[in-house]
Amino acid sequence: MAPKELPKAYDASAVELDIFKQWEKSGAFDPDKLVKLDARYKDAAPYCIVLPPPNRTGTLHLGHAKMLAIEDLLIRFHRMLGDKTYWIPGTDHAALATQVKVEQVLIKEGIKDPRRELGREKFLEKVREFAEKSRDTIVAQCKAMGSSMDWSREKYTLDEDRNKAVNKVFEMMFEDGLIERGFRVVNWDPVFQTTLSDDEVEHKDTQAELVTFTYDKDFPIAISTTRPETKFGDTGVAVHPDDKRYKKFVGKTLTAVFCGKQITLKVIADAEVDPKFGTGALGVTPAHSLIDADLAERHGLPMVQVIGQDGKMTAEAGKDFSGLTTIEARKKIIKTLEAQGCLQKKESVPQSLLIAQRGESPVEQLPMRQWFLRVNKKFKLRNDTLGKWKKGDETTLKELMRYAVESKQTKILPENFEKIYFHWIDNLRDWCISRQIWFGHQIPVWYKNDDMKVGPDSPGADWVRDPDTLDTWFSSGLWTFSTLGWPDEKEWKKNRAYHPTAVLETGYDILFFWVARMILMSTYVLGEVPFKDVYLHGLVRDEKGRKMSKSIGNVLDPLDLIPKYGTDAVRLSLVMGTSPGMDQKLSEEKIKDYRNFTNKLWNISRYILTSTQLVARSSQLVPKTMADKWILGRLSDVQTKVTKLIGEYQFSQAGDLLREFTWNDLADWYLEISKVEKDKDAILNHILTRLIKLWHPFMPFVTEYIWSLMGNNDLIVAKWPEVVPHSKKNYRNFETIRLLITDIRRLRAEQGVEPSAFIKVAMVADKDAKKLIEENIAIVKQLARLEEIEFVKAVEKNWPTAVSGKVTVGLNLASGIDVEKEHEKIQKEIEALKPYIKSTEAKLKNKDFTSKAPEKVVNDMKNKLDEAKAKLKALEKRQG
RNA sequence: GGACGUUUAGCUCAGCUGGUUAGAGCGUUCGAUUCACAUUCGAAAGGUCGCAGGUUCGAUUCCUGCAACGUCCACCA
């Protein structure tokens, strides 16, 4: 397209698709092909990011879009800096989440109980089909966002290579005694019929009824509980060791008939019991409370399971209660106790109910035979680890996780999340890793009678495989190195340099689920951290700060926004005005603002392209005027700061600086100046070239398009502009001119002067100021719309006047002005100035201040005072 | 119960290790449409930096307490 024909408004949707295809074709996404594009990538430093793999549960939301925008920004920045960038794409099978989703879909389609009706293989077929479709959608969405990932090496948490990694790590951990099968109390989701890890269980504040009673009429100790139905499983009563009321019972074994069931209770003393709560005695239910299970273990109490996996009472509850739901049983028990006269008190208390993370179903704690990863167990390290331990040294997984962050080998941003991370680790319990769902990595263990063998392949004909699958986070934990080829020796060796990866960028909501588990896996398997930095972004919320959800109907879909405003605008709106770890309120209004900015950049480029001759890049750049020196100085300054800020993950600040330079300095001032001073082709091209590069990581599409219109190709691998030193003096001088022009414009607006009219002014200026103005006389005249500037000793009394710096300027208006009003206005300015001068003088007289404050601060203040005094003098002179 | 975060202009947010008379965008008000852009341009108004103490020559910035809002964690049954 010839530049003259460029459309007035940038049409993102008309160009984005082609640009993306061009990038893909160029090979810029592939670290091994980069060198073909530019030789500087030959021995370049590796820079690797793994994409937090989106769940294959449907489509991407704005949180994903934010993640993609930030990661692509980093990747593009580093690619331009000359790093060998490798951004690894992939998706997550998200075991339970996906299976549940598919089940819902199938139920909607009329299959009442999909798993039972279809059977494992057919059901899994449906899940895989759904997952495949999700994957296609996700990939398309990532591409629409402009993500420059290497699509030729896409990974999946459930593909064959990842399965090898999972099996291998399972075997290693089993061998080291870290993974073991055990009969323990676990979190059980009765709706989805599977175990859950502690992190998948949430607490919900509710009101519950706390009942106080004795097990039967003759029982000497009363206890309190919110869950009477579990009391069939009580095997002990715990009291505080110093509690005098119960001292005589401690160590004794009592019996009772609880609602028709004979139970045996050992009275134990444990410091964990709070003597002030309730009656000070606690009925211990080892099978249905993790806390009680701990107590029971300490005191050797047996476990009696009274609630089954279906959430109903078992035969252990006696024939009157077995088969009832827990709620039904609870009501009946209270009634029975009341009738027996055992009930002492009923009161409403706040209680935090355990519920499953997805869905609202309550979670039961049940004893079950499951697989556990032991985080507090000592084991012998297979590698030299984190520079602290040698191969063969003993430590625990918890220690590894803690030291990785403590030693700053992994830095978390924002820093306060480190505290939260440590707190989580310190309270971490063994991780239940087996799930009773079908979609996932099947546990690589085989059984034959009492024999057990670990490994993916069947040891023989009579052996049966464990039907359970692994917690989805087990495979996600390996993501940084499983995607780089581990455990395949050849692949891993090839990619070794990319690990530890540069940065993990993700939402703070999965710090524990994922970030911590990656640190666990990587330090255990490799002896090194998975990434050097963790950048945690905040959640994207609606304009009122609410979570986006389908039920509220406030969801903004990236796929709707992109065609409407352009990808660049969507990306900017997710990066600007945000800081790490802080939630962001996003409105469509904001996206529109950045669409406007995209268009501004487009028009700046359009103007330069259509009004200048393309200048060869090699041509010497000679700033001629003060304005030239000013804008180049500004550009240089912005380049330095933006480079530094992006390196520090301060994207919003970097973007703000760029925006200010682009819109304010360049468009509003320098381009207007260029219309007056002329002959700026070389300098304008120089600025545009750099500007487009600096913006590229933020808004890749429009910049790449402009780049092509400038007759170049592959901005994506262009060299990040190097910083040229500059003198600050030049542009400080020019600021004086800008200030003067703004003052005149304000005076004109105040006086209602016809904006297009050229008027006469008089100025009072000292020698230096006069020289400065004369040097820039054409600019001042044009931008302030002046017909004539007369330098005088004093401005006529009835002319509207402004004092800026050392210059006093007055408008010579043909029609009369409101002298009274003018006088008042200036008087007001004088009155505002006086207290400032007074307080500043006082500060400067204070010896404590002048002796203790840094010299620069004192000097700056002196200068300010001088300026203020000069201004006051000029104003007072004006008033007569 | 513990921990963390937030509180700055009508709205959304900057303000990094304390140092000018606290900034930006949006919105508002006034004005402008041949001449890159009305997805625009010029100008203006608008803040006792949540409250109370403390440290300091100096506090929006550091410390303590309080309040409101939010988040995470948690074995008071």
# chains A, B, ... in the order shown; residues from 1 in each chain; ligands from 1

call {"tool": "interface_residues", "arguments": {"of": "chain B", "to": "chain A", "cutoff": "12 Å", "atoms": "only C-alpha atoms (C1' of nucleotides)", "output": "NGL selection string"}}
result
:B and (2-6 or 11-16 or 18-21 or 23-27 or 30-32 or 35-44 or 56-58 or 69-77)

call {"tool": "select_by_dssp", "arguments": {"residues": "region 257-423 of chain A", "states": "alpha helix (DSSP H)", "output": "PyMOL selection string"}}
result
chain A and resi 290-299+326-340+397-406+416-423

call {"tool": "write_last_selection", "arguments": {"atoms": "C-alpha atoms", "output": "compact mmCIF listing (two decimals), in the first residue's frame"}}
result
# COMPACT_ATOMS: atom_id res chain seq x y z
CA LEU A 290 -7.98 -35.20 60.74
CA ILE A 291 -7.36 -33.60 64.12
CA ASP A 292 -8.83 -36.51 66.00
CA ALA A 293 -6.85 -38.90 63.85
CA ASP A 294 -3.68 -37.17 65.05
CA LEU A 295 -4.86 -37.44 68.65
CA ALA A 296 -5.73 -41.08 68.17
CA GLU A 297 -2.32 -41.83 66.75
CA ARG A 298 -0.60 -40.22 69.71
CA HIS A 299 -2.67 -42.20 72.20
CA THR A 326 -25.48 -37.61 57.89
CA ILE A 327 -28.07 -34.85 58.19
CA GLU A 328 -30.90 -37.31 58.80
CA ALA A 329 -28.83 -39.16 61.36
CA ARG A 330 -27.92 -35.93 63.12
CA LYS A 331 -31.58 -34.96 63.61
CA LYS A 332 -32.53 -38.38 64.82
CA ILE A 333 -29.66 -38.53 67.30
CA ILE A 334 -30.54 -35.20 68.83
CA LYS A 335 -34.14 -36.33 69.20
CA THR A 336 -33.05 -39.57 70.81
CA LEU A 337 -30.68 -37.86 73.22
CA GLU A 338 -33.39 -35.41 74.14
CA ALA A 339 -35.81 -38.24 74.84
CA GLN A 340 -33.20 -39.98 76.96
CA LEU A 397 11.00 -32.26 50.66
CA LYS A 398 9.81 -29.44 52.89
CA GLU A 399 13.36 -28.37 53.52
CA LEU A 400 14.03 -28.27 49.77
CA MET A 401 10.96 -26.17 49.11
CA ARG A 402 11.83 -23.77 51.88
CA TYR A 403 15.49 -23.35 50.98
CA ALA A 404 14.80 -22.72 47.29
CA VAL A 405 13.02 -19.50 48.17
CA GLU A 406 14.94 -18.67 51.33
CA ASN A 416 5.21 -10.43 50.46
CA PHE A 417 4.09 -13.67 48.87
CA GLU A 418 7.29 -15.23 50.14
CA LYS A 419 5.92 -15.02 53.68
CA ILE A 420 2.70 -16.63 52.57
CA TYR A 421 4.69 -19.34 50.82
CA PHE A 422 6.74 -20.11 53.93
CA HIS A 423 3.67 -20.21 56.10

call {"tool": "residues_around", "arguments": {"residues": "Val250 (chain A)", "least_positions_apart": "3", "cutoff": "7 Å", "atoms": "only C-alpha atoms (C1' of nucleotides)", "output": "ChimeraX atom specification"}}
result
/A:246-247,267-269

call {"tool": "residues_around", "arguments": {"residues": "Leu536 (chain A)", "least_positions_apart": "6", "cutoff": "8 Å", "atoms": "only C-alpha atoms (C1' of nucleotides)", "output": "PDB file with C-alpha atoms, in the first residue's frame"}}
result
ATOM      1  CA  ILE A 412       8.910 -14.266  44.303  1.00  0.00           C
ATOM      2  CA  LEU A 413       7.372 -11.008  43.150  1.00  0.00           C
ATOM      3  CA  PRO A 414       5.721  -9.275  44.931  1.00  0.00           C
ATOM      4  CA  GLU A 505       4.428 -15.825  35.361  1.00  0.00           C
ATOM      5  CA  THR A 506       1.065 -16.827  36.768  1.00  0.00           C
ATOM      6  CA  GLY A 507      -1.842 -15.798  38.983  1.00  0.00           C
ATOM      7  CA  TYR A 508      -1.242 -15.713  42.727  1.00  0.00           C
ATOM      8  CA  PRO A 580       2.113  -7.608  40.545  1.00  0.00           C
ATOM      9  CA  GLY A 581      -0.103  -9.379  43.012  1.00  0.00           C
TER      10      GLY A 581
END

call {"tool": "select_by_dssp", "arguments": {"residues": "region 281-457 of chain A", "states": "strand (DSSP E or B)", "output": "PyMOL selection string"}}
result
chain A and resi 281-284+307+312-313+325+343-356+362+364-373+379-380+385+389+394-395+411-413+431-432+434-435+442+445-448+451-454

call {"tool": "atom_distance", "arguments": {"atom1": "CA of Arg785 (chain A)", "atom2": "CA of Phe758 (chain A)"}}
result
4.8 Å

call {"tool": "residues_around", "arguments": {"residues": "Gly553 (chain A)", "least_positions_apart": "6", "cutoff": "12 Å", "atoms": "only C-alpha atoms (C1' of nucleotides)", "output": "JSON, numbers by chain"}}
result
{"A": [542, 546, 547]}

call {"tool": "write_last_selection", "arguments": {"atoms": "all heavy atoms", "output": "PDB file, in the first residue's frame"}}
result
ATOM      1  N   ASP A 542     -14.303  -7.289  37.398  1.00  0.00           N
ATOM      2  CA  ASP A 542     -15.112  -6.365  36.601  1.00  0.00           C
ATOM      3  C   ASP A 542     -14.966  -4.941  37.151  1.00  0.00           C
ATOM      4  O   ASP A 542     -14.244  -4.712  38.111  1.00  0.00           O
ATOM      5  CB  ASP A 542     -16.583  -6.821  36.537  1.00  0.00           C
ATOM      6  CG  ASP A 542     -17.354  -6.498  37.813  1.00  0.00           C
ATOM      7  OD1 ASP A 542     -16.739  -6.000  38.781  1.00  0.00           O
ATOM      8  OD2 ASP A 542     -18.564  -6.745  37.846  1.00  0.00           O
ATOM      9  N   ARG A 546     -15.901  -6.974  41.242  1.00  0.00           N
ATOM     10  CA  ARG A 546     -16.424  -8.325  41.473  1.00  0.00           C
ATOM     11  C   ARG A 546     -15.701  -9.323  40.587  1.00  0.00           C
ATOM     12  O   ARG A 546     -15.203  -8.978  39.519  1.00  0.00           O
ATOM     13  CB  ARG A 546     -17.919  -8.365  41.146  1.00  0.00           C
ATOM     14  CG  ARG A 546     -18.761  -7.471  42.026  1.00  0.00           C
ATOM     15  CD  ARG A 546     -20.179  -7.437  41.532  1.00  0.00           C
ATOM     16  NE  ARG A 546     -20.240  -6.974  40.136  1.00  0.00           N
ATOM     17  CZ  ARG A 546     -21.376  -6.758  39.478  1.00  0.00           C
ATOM     18  NH1 ARG A 546     -22.524  -6.987  40.057  1.00  0.00           N
ATOM     19  NH2 ARG A 546     -21.347  -6.330  38.234  1.00  0.00           N
ATOM     20  N   LYS A 547     -15.668 -10.551  41.074  1.00  0.00           N
ATOM     21  CA  LYS A 547     -15.112 -11.618  40.265  1.00  0.00           C
ATOM     22  C   LYS A 547     -15.973 -11.778  39.018  1.00  0.00           C
ATOM     23  O   LYS A 547     -17.191 -11.647  39.093  1.00  0.00           O
ATOM     24  CB  LYS A 547     -15.130 -12.919  41.064  1.00  0.00           C
ATOM     25  CG  LYS A 547     -13.760 -13.512  41.224  1.00  0.00           C
ATOM     26  CD  LYS A 547     -13.828 -14.808  42.015  1.00  0.00           C
ATOM     27  CE  LYS A 547     -12.483 -15.488  41.980  1.00  0.00           C
ATOM     28  NZ  LYS A 547     -12.361 -16.559  42.937  1.00  0.00           N
TER      29      LYS A 547
END

call {"tool": "residues_around", "arguments": {"residues": "region 137-142 of chain A", "least_positions_apart": "5", "cutoff": "8 Å", "atoms": "only C-alpha atoms (C1' of nucleotides)", "output": "ChimeraX atom specification"}}
result
/A:54,56,58-60,65,68,147,559

call {"tool": "residues_around", "arguments": {"residues": "A45 (chain B)", "least_positions_apart": "4", "cutoff": "12 Å", "atoms": "only C-alpha atoms (C1' of nucleotides)", "output": "PDB file with N, CA and C atoms (P, O5', C5', C4', C3', O3' and C1' of nucleotides), in the first residue's frame"}}
result
ATOM      1  P     A B   9      -8.315  10.477  46.241  1.00  0.00           P
ATOM      2  O5'   A B   9      -8.233  11.857  45.455  1.00  0.00           O
ATOM      3  C5'   A B   9      -8.968  13.001  45.939  1.00  0.00           C
ATOM      4  C4'   A B   9      -9.428  13.808  44.756  1.00  0.00           C
ATOM      5  C3'   A B   9     -10.390  13.087  43.832  1.00  0.00           C
ATOM      6  O3'   A B   9     -11.571  13.853  43.621  1.00  0.00           O
ATOM      7  C1'   A B   9      -8.600  14.048  42.611  1.00  0.00           C
ATOM      8  P     U B  28     -17.765  13.701  30.417  1.00  0.00           P
ATOM      9  O5'   U B  28     -17.629  14.837  31.527  1.00  0.00           O
ATOM     10  C5'   U B  28     -18.494  14.837  32.657  1.00  0.00           C
ATOM     11  C4'   U B  28     -18.177  16.007  33.548  1.00  0.00           C
ATOM     12  C3'   U B  28     -18.102  17.357  32.841  1.00  0.00           C
ATOM     13  O3'   U B  28     -19.392  17.909  32.666  1.00  0.00           O
ATOM     14  C1'   U B  28     -16.226  17.119  34.266  1.00  0.00           C
ATOM     15  P     U B  29     -19.690  18.727  31.346  1.00  0.00           P
ATOM     16  O5'   U B  29     -18.933  20.099  31.629  1.00  0.00           O
ATOM     17  C5'   U B  29     -19.349  20.935  32.699  1.00  0.00           C
ATOM     18  C4'   U B  29     -18.438  22.133  32.772  1.00  0.00           C
ATOM     19  C3'   U B  29     -18.187  22.829  31.442  1.00  0.00           C
ATOM     20  O3'   U B  29     -19.239  23.710  31.105  1.00  0.00           O
ATOM     21  C1'   U B  29     -16.128  22.511  32.546  1.00  0.00           C
ATOM     22  P     C B  30     -19.579  23.949  29.602  1.00  0.00           P
ATOM     23  O5'   C B  30     -18.373  24.875  29.124  1.00  0.00           O
ATOM     24  C5'   C B  30     -18.225  26.188  29.670  1.00  0.00           C
ATOM     25  C4'   C B  30     -16.966  26.814  29.124  1.00  0.00           C
ATOM     26  C3'   C B  30     -16.812  26.752  27.610  1.00  0.00           C
ATOM     27  O3'   C B  30     -17.583  27.721  26.941  1.00  0.00           O
ATOM     28  C1'   C B  30     -14.767  26.167  28.637  1.00  0.00           C
TER      29        C B  30
END

call {"tool": "closest_residue", "arguments": {"among": "A:Ile70, A:Val575, A:Val717, A:Val105", "to": "Leu34 (chain A)", "atoms": "only C-alpha atoms"}}
result
A:Val717

call {"tool": "closest_residue", "arguments": {"among": "A:Val534, A:Val186, A:Ile355, A:Val819", "to": "Asp430 (chain A)", "atoms": "only C-alpha atoms"}}
result
A:Val186

call {"tool": "atom_distance", "arguments": {"atom1": "CA of Lys624 (chain A)", "atom2": "CA of Val642 (chain A)"}}
result
26.2 Å

call {"tool": "atom_distance", "arguments": {"atom1": "CA of Tyr498 (chain A)", "atom2": "CA of Pro46 (chain A)"}}
result
5.8 Å
